[in-house]
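**Q** Next up, input_20.pdb (PDB, C-alpha atoms and all ligand atoms).
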```pdb
ATOM      1  CA  MET F   1       9.316   7.262  15.355  1.00  0.00           C
ATOM      2  CA  THR F   2      12.319   8.541  13.412  1.00  0.00           C
ATOM      3  CA  LEU F   3      12.470  12.172  12.311  1.00  0.00           C
ATOM      4  CA  LYS F   4      11.890  11.072   8.729  1.00  0.00           C
ATOM      5  CA  SER F   5       8.637   9.310   9.683  1.00  0.00           C
ATOM      6  CA  LYS F   6       7.590  12.456  11.529  1.00  0.00           C
ATOM      7  CA  GLU F   7       8.195  14.475   8.382  1.00  0.00           C
ATOM      8  CA  ILE F   8       6.071  12.054   6.368  1.00  0.00           C
ATOM      9  CA  GLU F   9       3.301  12.201   8.941  1.00  0.00           C
ATOM     10  CA  ALA F  10       3.431  16.000   8.691  1.00  0.00           C
ATOM     11  CA  ILE F  11       2.983  15.828   4.913  1.00  0.00           C
ATOM     12  CA  TYR F  12      -0.257  13.899   5.370  1.00  0.00           C
ATOM     13  CA  ARG F  13      -1.389  16.251   8.126  1.00  0.00           C
ATOM     14  CA  SER F  14      -1.238  19.138   5.652  1.00  0.00           C
ATOM     15  CA  LYS F  15      -3.580  19.791   2.727  1.00  0.00           C
ATOM     16  CA  VAL F  16      -2.539  16.525   1.079  1.00  0.00           C
ATOM     17  CA  ALA F  17      -5.320  14.482   2.721  1.00  0.00           C
ATOM     18  CA  LYS F  18      -8.032  16.880   1.514  1.00  0.00           C
ATOM     19  CA  LYS F  19      -6.867  16.842  -2.086  1.00  0.00           C
ATOM     20  CA  TYR F  20      -5.606  13.274  -2.247  1.00  0.00           C
ATOM     21  CA  ASP F  21      -8.327  11.166  -3.833  1.00  0.00           C
ATOM     22  CA  LEU F  22      -8.941  12.880  -7.158  1.00  0.00           C
ATOM     23  CA  PRO F  23      -5.416  12.939  -8.630  1.00  0.00           C
ATOM     24  CA  ILE F  24      -4.381   9.608  -7.138  1.00  0.00           C
ATOM     25  CA  SER F  25      -7.472   7.660  -8.189  1.00  0.00           C
ATOM     26  CA  HIS F  26      -7.313   9.278 -11.622  1.00  0.00           C
ATOM     27  CA  PHE F  27      -3.690   8.295 -12.114  1.00  0.00           C
ATOM     28  CA  PHE F  28      -3.390   4.984 -10.244  1.00  0.00           C
ATOM     29  CA  GLY F  29      -6.983   3.656 -10.204  1.00  0.00           C
ATOM     30  CA  LYS F  30      -6.515   1.519 -13.322  1.00  0.00           C
ATOM     31  CA  TYR F  31      -3.262  -0.003 -12.033  1.00  0.00           C
ATOM     32  CA  LYS F  32      -4.832  -0.764  -8.658  1.00  0.00           C
ATOM     33  CA  LYS F  33      -7.736  -2.508 -10.408  1.00  0.00           C
ATOM     34  CA  LEU F  34      -5.342  -4.585 -12.532  1.00  0.00           C
ATOM     35  CA  ALA F  35      -3.351  -5.654  -9.479  1.00  0.00           C
ATOM     36  CA  PHE F  36      -6.369  -6.772  -7.464  1.00  0.00           C
ATOM     37  CA  ASN F  37      -7.808  -8.569 -10.522  1.00  0.00           C
ATOM     38  CA  ASP F  38      -4.465 -10.352 -10.896  1.00  0.00           C
ATOM     39  CA  SER F  39      -4.447 -11.408  -7.232  1.00  0.00           C
ATOM     40  CA  SER F  40      -5.883 -14.484  -5.558  1.00  0.00           C
ATOM     41  CA  LEU F  41      -8.376 -12.409  -3.519  1.00  0.00           C
ATOM     42  CA  LYS F  42     -11.639 -14.286  -3.165  1.00  0.00           C
ATOM     43  CA  ASN F  43     -14.978 -14.216  -1.409  1.00  0.00           C
ATOM     44  CA  GLY F  44     -14.618 -14.237   2.378  1.00  0.00           C
ATOM     45  CA  ASP F  45     -10.914 -13.356   2.515  1.00  0.00           C
ATOM     46  CA  ARG F  46      -9.482 -11.412   5.451  1.00  0.00           C
ATOM     47  CA  VAL F  47      -7.180  -8.662   4.210  1.00  0.00           C
ATOM     48  CA  LEU F  48      -4.650  -6.523   6.070  1.00  0.00           C
ATOM     49  CA  VAL F  49      -3.996  -3.204   4.305  1.00  0.00           C
ATOM     50  CA  PHE F  50      -0.892  -1.281   5.429  1.00  0.00           C
ATOM     51  CA  CYS F  51      -0.762   2.487   4.689  1.00  0.00           C
ATOM     52  CA  CYS F  52      -4.437   2.363   3.715  1.00  0.00           C
ATOM     53  CA  GLY F  53      -4.651   6.167   3.595  1.00  0.00           C
ATOM     54  CA  THR F  54      -8.074   7.404   2.476  1.00  0.00           C
ATOM     55  CA  GLY F  55      -9.064   3.852   1.501  1.00  0.00           C
ATOM     56  CA  LEU F  56      -8.685   4.047  -2.264  1.00  0.00           C
ATOM     57  CA  ASP F  57      -7.969   0.293  -2.373  1.00  0.00           C
ATOM     58  CA  PHE F  58     -11.053  -0.696  -0.406  1.00  0.00           C
ATOM     59  CA  SER F  59     -13.609  -0.782  -3.236  1.00  0.00           C
ATOM     60  CA  HIS F  60     -11.282  -2.914  -5.381  1.00  0.00           C
ATOM     61  CA  ILE F  61     -10.703  -5.359  -2.522  1.00  0.00           C
ATOM     62  CA  LEU F  62     -14.371  -5.483  -1.499  1.00  0.00           C
ATOM     63  CA  ARG F  63     -15.370  -6.350  -5.065  1.00  0.00           C
ATOM     64  CA  LYS F  64     -13.321  -9.533  -4.613  1.00  0.00           C
ATOM     65  CA  ILE F  65     -13.944 -10.483  -0.987  1.00  0.00           C
ATOM     66  CA  GLY F  66     -17.627  -9.523  -0.753  1.00  0.00           C
ATOM     67  CA  LYS F  67     -19.597  -8.952   2.417  1.00  0.00           C
ATOM     68  CA  ASN F  68     -18.234 -12.105   4.050  1.00  0.00           C
ATOM     69  CA  GLY F  69     -14.689 -10.826   3.870  1.00  0.00           C
ATOM     70  CA  LYS F  70     -12.995  -8.399   6.213  1.00  0.00           C
ATOM     71  CA  ILE F  71     -10.488  -5.569   5.785  1.00  0.00           C
ATOM     72  CA  ILE F  72      -8.273  -4.112   8.465  1.00  0.00           C
ATOM     73  CA  GLY F  73      -6.700  -0.850   7.314  1.00  0.00           C
ATOM     74  CA  VAL F  74      -3.693   0.605   9.139  1.00  0.00           C
ATOM     75  CA  ASP F  75      -2.252   4.095   8.751  1.00  0.00           C
ATOM     76  CA  PHE F  76      -0.594   6.599  11.090  1.00  0.00           C
ATOM     77  CA  SER F  77      -2.301   9.686   9.673  1.00  0.00           C
ATOM     78  CA  SER F  78      -5.560  10.626  11.400  1.00  0.00           C
ATOM     79  CA  GLU F  79      -6.349  13.031   8.523  1.00  0.00           C
ATOM     80  CA  MET F  80      -6.077  10.255   5.933  1.00  0.00           C
ATOM     81  CA  LEU F  81      -8.019   7.843   8.172  1.00  0.00           C
ATOM     82  CA  ASN F  82     -10.794  10.422   8.614  1.00  0.00           C
ATOM     83  CA  LYS F  83     -11.188  10.491   4.839  1.00  0.00           C
ATOM     84  CA  ALA F  84     -11.315   6.692   4.860  1.00  0.00           C
ATOM     85  CA  LYS F  85     -13.991   6.815   7.588  1.00  0.00           C
ATOM     86  CA  GLU F  86     -16.130   9.177   5.453  1.00  0.00           C
ATOM     87  CA  LYS F  87     -15.828   6.764   2.515  1.00  0.00           C
ATOM     88  CA  ILE F  88     -16.788   3.774   4.684  1.00  0.00           C
ATOM     89  CA  LYS F  89     -19.832   5.614   6.058  1.00  0.00           C
ATOM     90  CA  LYS F  90     -20.956   6.891   2.656  1.00  0.00           C
ATOM     91  CA  ASN F  91     -20.745   3.432   1.102  1.00  0.00           C
ATOM     92  CA  LYS F  92     -22.211   1.681   4.192  1.00  0.00           C
ATOM     93  CA  TRP F  93     -19.282  -0.750   4.281  1.00  0.00           C
ATOM     94  CA  ASP F  94     -19.571  -2.636   7.567  1.00  0.00           C
ATOM     95  CA  ASN F  95     -16.671  -5.049   7.239  1.00  0.00           C
ATOM     96  CA  ILE F  96     -13.769  -2.611   7.449  1.00  0.00           C
ATOM     97  CA  GLU F  97     -11.872  -1.764  10.620  1.00  0.00           C
ATOM     98  CA  LEU F  98      -9.381   1.109  10.724  1.00  0.00           C
ATOM     99  CA  ILE F  99      -6.420   1.260  13.085  1.00  0.00           C
ATOM    100  CA  GLN F 100      -4.168   4.271  13.600  1.00  0.00           C
ATOM    101  CA  ALA F 101      -0.610   2.979  13.941  1.00  0.00           C
ATOM    102  CA  ASP F 102       2.885   3.061  12.511  1.00  0.00           C
ATOM    103  CA  VAL F 103       3.117   0.002  10.258  1.00  0.00           C
ATOM    104  CA  THR F 104       6.786  -0.534  11.103  1.00  0.00           C
ATOM    105  CA  LYS F 105       5.784  -1.203  14.705  1.00  0.00           C
ATOM    106  CA  PHE F 106       2.141  -2.262  14.340  1.00  0.00           C
ATOM    107  CA  GLN F 107       1.072  -5.028  16.722  1.00  0.00           C
ATOM    108  CA  TYR F 108      -2.298  -6.696  16.555  1.00  0.00           C
ATOM    109  CA  LYS F 109      -3.683  -9.659  18.454  1.00  0.00           C
ATOM    110  CA  ILE F 110      -5.031 -12.216  16.008  1.00  0.00           C
ATOM    111  CA  ASP F 111      -6.633 -15.647  16.351  1.00  0.00           C
ATOM    112  CA  LYS F 112      -6.098 -16.369  12.687  1.00  0.00           C
ATOM    113  CA  LYS F 113      -3.571 -14.930  10.249  1.00  0.00           C
ATOM    114  CA  PHE F 114      -4.791 -12.896   7.262  1.00  0.00           C
ATOM    115  CA  ASP F 115      -5.317 -14.374   3.788  1.00  0.00           C
ATOM    116  CA  VAL F 116      -3.777 -11.391   2.035  1.00  0.00           C
ATOM    117  CA  GLY F 117      -1.526  -8.452   2.955  1.00  0.00           C
ATOM    118  CA  VAL F 118      -1.607  -5.290   0.848  1.00  0.00           C
ATOM    119  CA  CYS F 119       0.411  -2.084   0.692  1.00  0.00           C
ATOM    120  CA  THR F 120       0.061   0.351  -2.204  1.00  0.00           C
ATOM    121  CA  LEU F 121       2.029   3.591  -2.517  1.00  0.00           C
ATOM    122  CA  GLY F 122       3.297   3.084   1.021  1.00  0.00           C
ATOM    123  CA  MET F 123       6.562   1.127   1.172  1.00  0.00           C
ATOM    124  CA  SER F 124       8.496   3.575  -1.029  1.00  0.00           C
ATOM    125  CA  ILE F 125       7.881   6.426   1.405  1.00  0.00           C
ATOM    126  CA  ILE F 126       8.783   4.479   4.545  1.00  0.00           C
ATOM    127  CA  PRO F 127      12.474   4.811   5.475  1.00  0.00           C
ATOM    128  CA  GLU F 128      12.270   1.519   7.424  1.00  0.00           C
ATOM    129  CA  TYR F 129      10.359  -0.208   4.610  1.00  0.00           C
ATOM    130  CA  LYS F 130      11.920  -3.579   5.402  1.00  0.00           C
ATOM    131  CA  SER F 131      10.464  -3.511   8.934  1.00  0.00           C
ATOM    132  CA  ALA F 132       7.068  -2.581   7.468  1.00  0.00           C
ATOM    133  CA  TYR F 133       7.281  -5.308   4.817  1.00  0.00           C
ATOM    134  CA  TYR F 134       8.335  -8.068   7.212  1.00  0.00           C
ATOM    135  CA  ASN F 135       5.703  -6.931   9.682  1.00  0.00           C
ATOM    136  CA  LEU F 136       3.052  -7.260   6.955  1.00  0.00           C
ATOM    137  CA  VAL F 137       4.371 -10.709   6.000  1.00  0.00           C
ATOM    138  CA  SER F 138       4.265 -11.840   9.636  1.00  0.00           C
ATOM    139  CA  TYR F 139       0.469 -11.344   9.751  1.00  0.00           C
ATOM    140  CA  VAL F 140      -0.277 -13.327   6.575  1.00  0.00           C
ATOM    141  CA  LYS F 141      -0.820 -17.102   6.642  1.00  0.00           C
ATOM    142  CA  LYS F 142       1.302 -19.672   4.757  1.00  0.00           C
ATOM    143  CA  GLN F 143       0.158 -19.774   1.104  1.00  0.00           C
ATOM    144  CA  GLY F 144      -1.413 -16.365   1.704  1.00  0.00           C
ATOM    145  CA  GLU F 145      -0.601 -13.522  -0.661  1.00  0.00           C
ATOM    146  CA  ILE F 146       1.312 -10.250  -0.499  1.00  0.00           C
ATOM    147  CA  ILE F 147       0.330  -7.467  -2.896  1.00  0.00           C
ATOM    148  CA  ILE F 148       2.625  -4.455  -3.207  1.00  0.00           C
ATOM    149  CA  GLY F 149       2.013  -1.601  -5.638  1.00  0.00           C
ATOM    150  CA  ASP F 150       4.389   1.359  -5.732  1.00  0.00           C
ATOM    151  CA  MET F 151       6.649   3.800  -7.520  1.00  0.00           C
ATOM    152  CA  GLN F 152      10.128   2.650  -8.532  1.00  0.00           C
ATOM    153  CA  LEU F 153      13.242   3.747 -10.405  1.00  0.00           C
ATOM    154  CA  ALA F 154      12.973   2.869 -14.069  1.00  0.00           C
ATOM    155  CA  SER F 155      16.047   1.692 -15.959  1.00  0.00           C
ATOM    156  CA  GLY F 156      17.316   1.865 -19.545  1.00  0.00           C
ATOM    157  CA  TRP F 157      16.008   4.706 -21.704  1.00  0.00           C
ATOM    158  CA  ARG F 158      13.016   5.064 -19.368  1.00  0.00           C
ATOM    159  CA  ALA F 159      15.393   6.228 -16.616  1.00  0.00           C
ATOM    160  CA  ARG F 160      15.230   9.642 -18.272  1.00  0.00           C
ATOM    161  CA  LEU F 161      11.743   9.945 -16.772  1.00  0.00           C
ATOM    162  CA  ASN F 162      12.885   9.188 -13.202  1.00  0.00           C
ATOM    163  CA  PRO F 163      13.386  12.863 -12.294  1.00  0.00           C
ATOM    164  CA  LEU F 164       9.782  13.564 -13.349  1.00  0.00           C
ATOM    165  CA  SER F 165       8.253  10.637 -11.438  1.00  0.00           C
ATOM    166  CA  ILE F 166      10.312  11.507  -8.342  1.00  0.00           C
ATOM    167  CA  PHE F 167       9.280  15.151  -8.645  1.00  0.00           C
ATOM    168  CA  LEU F 168       5.574  14.180  -8.814  1.00  0.00           C
ATOM    169  CA  ALA F 169       5.942  11.763  -5.883  1.00  0.00           C
ATOM    170  CA  LYS F 170       7.744  14.308  -3.686  1.00  0.00           C
ATOM    171  CA  ARG F 171       4.491  15.964  -2.683  1.00  0.00           C
ATOM    172  CA  TYR F 172       3.481  12.631  -1.117  1.00  0.00           C
ATOM    173  CA  GLY F 173       6.794  11.824   0.567  1.00  0.00           C
ATOM    174  CA  GLY F 174       8.434  10.151  -2.433  1.00  0.00           C
ATOM    175  CA  SER F 175      12.184  10.350  -3.088  1.00  0.00           C
ATOM    176  CA  TYR F 176      14.984   8.901  -5.212  1.00  0.00           C
ATOM    177  CA  LYS F 177      15.924   6.600  -2.306  1.00  0.00           C
ATOM    178  CA  GLY F 178      12.324   5.475  -1.889  1.00  0.00           C
ATOM    179  CA  HIS F 179      12.013   4.674  -5.602  1.00  0.00           C
ATOM    180  CA  GLN F 180      15.290   2.757  -5.321  1.00  0.00           C
ATOM    181  CA  ASN F 181      14.072   0.854  -2.250  1.00  0.00           C
ATOM    182  CA  SER F 182      11.187  -0.505  -4.344  1.00  0.00           C
ATOM    183  CA  LEU F 183      13.656  -2.354  -6.572  1.00  0.00           C
ATOM    184  CA  GLU F 184      15.231  -3.949  -3.493  1.00  0.00           C
ATOM    185  CA  LEU F 185      11.807  -4.820  -2.097  1.00  0.00           C
ATOM    186  CA  CYS F 186      10.821  -6.639  -5.299  1.00  0.00           C
ATOM    187  CA  ASN F 187      14.114  -8.551  -5.191  1.00  0.00           C
ATOM    188  CA  ILE F 188      13.325  -9.624  -1.633  1.00  0.00           C
ATOM    189  CA  MET F 189       9.830 -10.712  -2.718  1.00  0.00           C
ATOM    190  CA  LYS F 190      11.239 -12.688  -5.671  1.00  0.00           C
ATOM    191  CA  LYS F 191      13.738 -14.440  -3.373  1.00  0.00           C
ATOM    192  CA  GLU F 192      11.485 -15.145  -0.419  1.00  0.00           C
ATOM    193  CA  LEU F 193       7.980 -15.620  -1.839  1.00  0.00           C
ATOM    194  CA  ARG F 194       6.540 -18.169  -4.266  1.00  0.00           C
ATOM    195  CA  GLY F 195       5.108 -17.568  -7.741  1.00  0.00           C
ATOM    196  CA  VAL F 196       6.032 -13.887  -7.755  1.00  0.00           C
ATOM    197  CA  LYS F 197       4.727 -11.818 -10.642  1.00  0.00           C
ATOM    198  CA  LYS F 198       5.757  -8.248 -11.284  1.00  0.00           C
ATOM    199  CA  LYS F 199       4.056  -5.940 -13.770  1.00  0.00           C
ATOM    200  CA  GLU F 200       5.279  -2.463 -14.662  1.00  0.00           C
ATOM    201  CA  PHE F 201       3.414   0.557 -15.953  1.00  0.00           C
ATOM    202  CA  PHE F 202       3.830   4.205 -16.896  1.00  0.00           C
ATOM    203  CA  PHE F 203       7.327   3.909 -18.376  1.00  0.00           C
ATOM    204  CA  ASN F 204       8.087   1.349 -15.636  1.00  0.00           C
ATOM    205  CA  SER F 205       7.907   3.969 -12.900  1.00  0.00           C
ATOM    206  CA  TYR F 206       4.952   2.175 -11.252  1.00  0.00           C
ATOM    207  CA  PHE F 207       4.730  -1.552 -10.569  1.00  0.00           C
ATOM    208  CA  TYR F 208       2.779  -4.137  -8.733  1.00  0.00           C
ATOM    209  CA  CYS F 209       4.389  -7.251  -7.333  1.00  0.00           C
ATOM    210  CA  ILE F 210       2.360 -10.204  -6.041  1.00  0.00           C
ATOM    211  CA  GLY F 211       3.617 -13.382  -4.403  1.00  0.00           C
ATOM    212  CA  LYS F 212       2.620 -16.120  -2.000  1.00  0.00           C
ATOM    213  CA  ILE F 213       4.106 -16.862   1.415  1.00  0.00           C
ATOM    214  CA  LYS F 214       6.075 -20.135   1.374  1.00  0.00           C
TER     215      LYS F 214
HETATM  216  C1  LIG F 301       0.659   7.781  -0.822  1.00  0.00           C
HETATM  217  S1  LIG F 301      -0.389   7.373   0.521  1.00  0.00           S
HETATM  218  C2  LIG F 301      -1.068   5.812  -0.041  1.00  0.00           C
HETATM  219  C3  LIG F 301      -2.460   5.571   0.464  1.00  0.00           C
HETATM  220  C4  LIG F 301      -3.176   4.394  -0.201  1.00  0.00           C
HETATM  221  N1  LIG F 301      -2.500   3.144   0.021  1.00  0.00           N
HETATM  222  C5  LIG F 301      -3.339   4.650  -1.672  1.00  0.00           C
HETATM  223  O1  LIG F 301      -2.782   3.891  -2.484  1.00  0.00           O
HETATM  224  O2  LIG F 301      -4.019   5.606  -2.006  1.00  0.00           O
HETATM  225  C6  LIG F 301       0.742   6.871   1.753  1.00  0.00           C
HETATM  226  C7  LIG F 301       0.105   6.591   3.089  1.00  0.00           C
HETATM  227  O3  LIG F 301       1.065   5.924   3.898  1.00  0.00           O
HETATM  228  C8  LIG F 301       0.907   6.374   5.237  1.00  0.00           C
HETATM  229  N2  LIG F 301       2.151   6.065   5.950  1.00  0.00           N
HETATM  230  C9  LIG F 301       3.420   6.434   5.619  1.00  0.00           C
HETATM  231  N3  LIG F 301       4.309   5.924   6.478  1.00  0.00           N
HETATM  232  C10 LIG F 301       3.584   5.209   7.403  1.00  0.00           C
HETATM  233  C11 LIG F 301       3.929   4.444   8.548  1.00  0.00           C
HETATM  234  N4  LIG F 301       5.197   4.289   8.922  1.00  0.00           N
HETATM  235  N5  LIG F 301       2.928   3.868   9.244  1.00  0.00           N
HETATM  236  C12 LIG F 301       1.646   4.002   8.872  1.00  0.00           C
HETATM  237  N6  LIG F 301       1.249   4.713   7.786  1.00  0.00           N
HETATM  238  C13 LIG F 301       2.215   5.302   7.057  1.00  0.00           C
HETATM  239  C14 LIG F 301       0.580   7.850   5.085  1.00  0.00           C
HETATM  240  O4  LIG F 301      -0.029   8.354   6.225  1.00  0.00           O
HETATM  241  C15 LIG F 301      -0.333   7.835   3.858  1.00  0.00           C
HETATM  242  O5  LIG F 301      -1.671   7.718   4.228  1.00  0.00           O
END
```
Translate this structure into structure tokens?
**A**
Amino acid sequence: MTLKSKEIEAIYRSKVAKKYDLPISHFFGKYKKLAFNDSSLKNGDRVLVFCCGTGLDFSHILRKIGKNGKIIGVDFSSEMLNKAKEKIKKNKWDNIELIQADVTKFQYKIDKKFDVGVCTLGMSIIPEYKSAYYNLVSYVKKQGEIIIGDMQLASGWRARLNPLSIFLAKRYGGSYKGHQNSLELCNIMKKELRGVKKKEFFFNSYFYCIGKIK
């Protein structure tokens, strides 16, 4: 693990995990819902969720995949995963497995690749985001879908709001470089995936990008 990853892990070991859900679901809940509604997720799908954190995406995904589907959530923060565990227990969800691991190096034995790979608010805080992205892609089947939702640098007149969005994201490990990386990640998705759609929100500082594996 690089020093930078260690710093990010430390952020999520602090008070952040305890006070994470309320502001994040309040601010991003509607965009998450839009992204999953715009995806191909369907009943019975198997979904790999990188940087699952406290599991704020789970209810949106479960609404689509039902009880026959399965979610595997991966995150390196035990504090964030503990919050996810509480949520799973409270809601009696029995088709979610959590794994503590670094998503840039995550290795998992599978008989069958996943139908969909998801990462929201994760890639932009990972210095080695390309390793994380390609690792996620490697676990998803051909014609399967990748769903990324994240912060990004806005351009044009909206760029004036970049300092504010970076400032707000800093508490969670966000940075100018991370916001910039998102633009590169979407370019990679547009080049290497099929049928890519990108939607932008909140003065273009948040986006989701969805595409299928060729
Ligand atoms: C901003 S939170 C996003 C959580 C969730 N996806 C959401 O949208 O609420 C970022 C999460 O990424 C995790 N994370 C960051 N870098 C990671 C890495 N290299 N491997 C695994 N998890 C990582 C953190 O522990 C944290 O839980």
**Q** Written as a list in words, which residues does the PyMOL selection byres (((not hetatm)) within 7 of (chain F and resi 301)) give for the file shown?
**A**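 For this structure, the PyMOL selection byres (((not hetatm)) within 7 of (chain F and resi 301)) captures Ser5, Ile8, Glu9, Tyr12, Ile24, Phe50, Cys51, Cys52, Gly53, Thr54, Gly55, Leu56, Asp57, Val74, Asp75, Phe76, Ser77, Met80, Ala101, Asp102, Val103, Thr104, Cys119, Thr120, Leu121, Gly122, Ile125, Ile126 and Tyr172 of chain F.
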**Q** Smallest atom-to-atom distance to F:Tyr134: which of F:Leu153, F:Ala169, F:Ile99, F:Met189, using all atoms listed in the file?
**A**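 Nearest to F:Tyr134: F:Met189.
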**Q** What separation in Å, quoted to one decimal, exists between atom CA of F:Lys177 and atom CA of F:Ser155?
**A** 14.5 Å
**Q** My list of candidates is F:Arg194, F:Lys212, F:Arg13, F:Lys33. Which is closest to F:Ile61 when distances are computed with only C-alpha atoms?
**A** F:Lys33
**Q** Quick one: everything within 6 Å of F:Val49, counting only C-alpha atoms, minus sequence neighbours fewer than 6 positions away in the same chain. Send it as a list in words.
**A**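 Contacts, in chain order: Gly73, Gly117, Val118 and Cys119 of chain F.
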**Q** Given the point (9.3, -0.3, -4.3) in the file's coordinates, find the residues that have an atom at most 10 Å from it, counting only C-alpha atoms, and give them as a list in words.
**A**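 Output of the proximity query reads Thr120, Leu121, Gly122, Met123, Ser124, Ile125, Tyr129, Ile148, Gly149, Asp150, Met151, Gln152, Leu153, Lys177, Gly178, His179, Gln180, Asn181, Ser182, Leu183, Glu184, Leu185, Cys186, Asn187, Ser205, Tyr206, Phe207, Tyr208 and Cys209 of chain F.
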**Q** Near F:Lys85, counting only C-alpha atoms, which residues have an atom at most 8 Å away, once you skip same-chain residues fewer than 4 positions from it, shown as an MDAnalysis selection string?
**A** chainID F and resid 54 81 89 98
**Q** Figure out the distance between atom CA of F:Ile11 and atom CA of F:Asn162, please, to one decimal in Å.
**A**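 Taking atom CA of F:Asn162 and atom CA of F:Ile11, their separation equals 21.7 Å.
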**Q** Do you have the atom CA of F:Asn37-atom CA of F:Ile72 distance handy?
**A** 19.5 Å
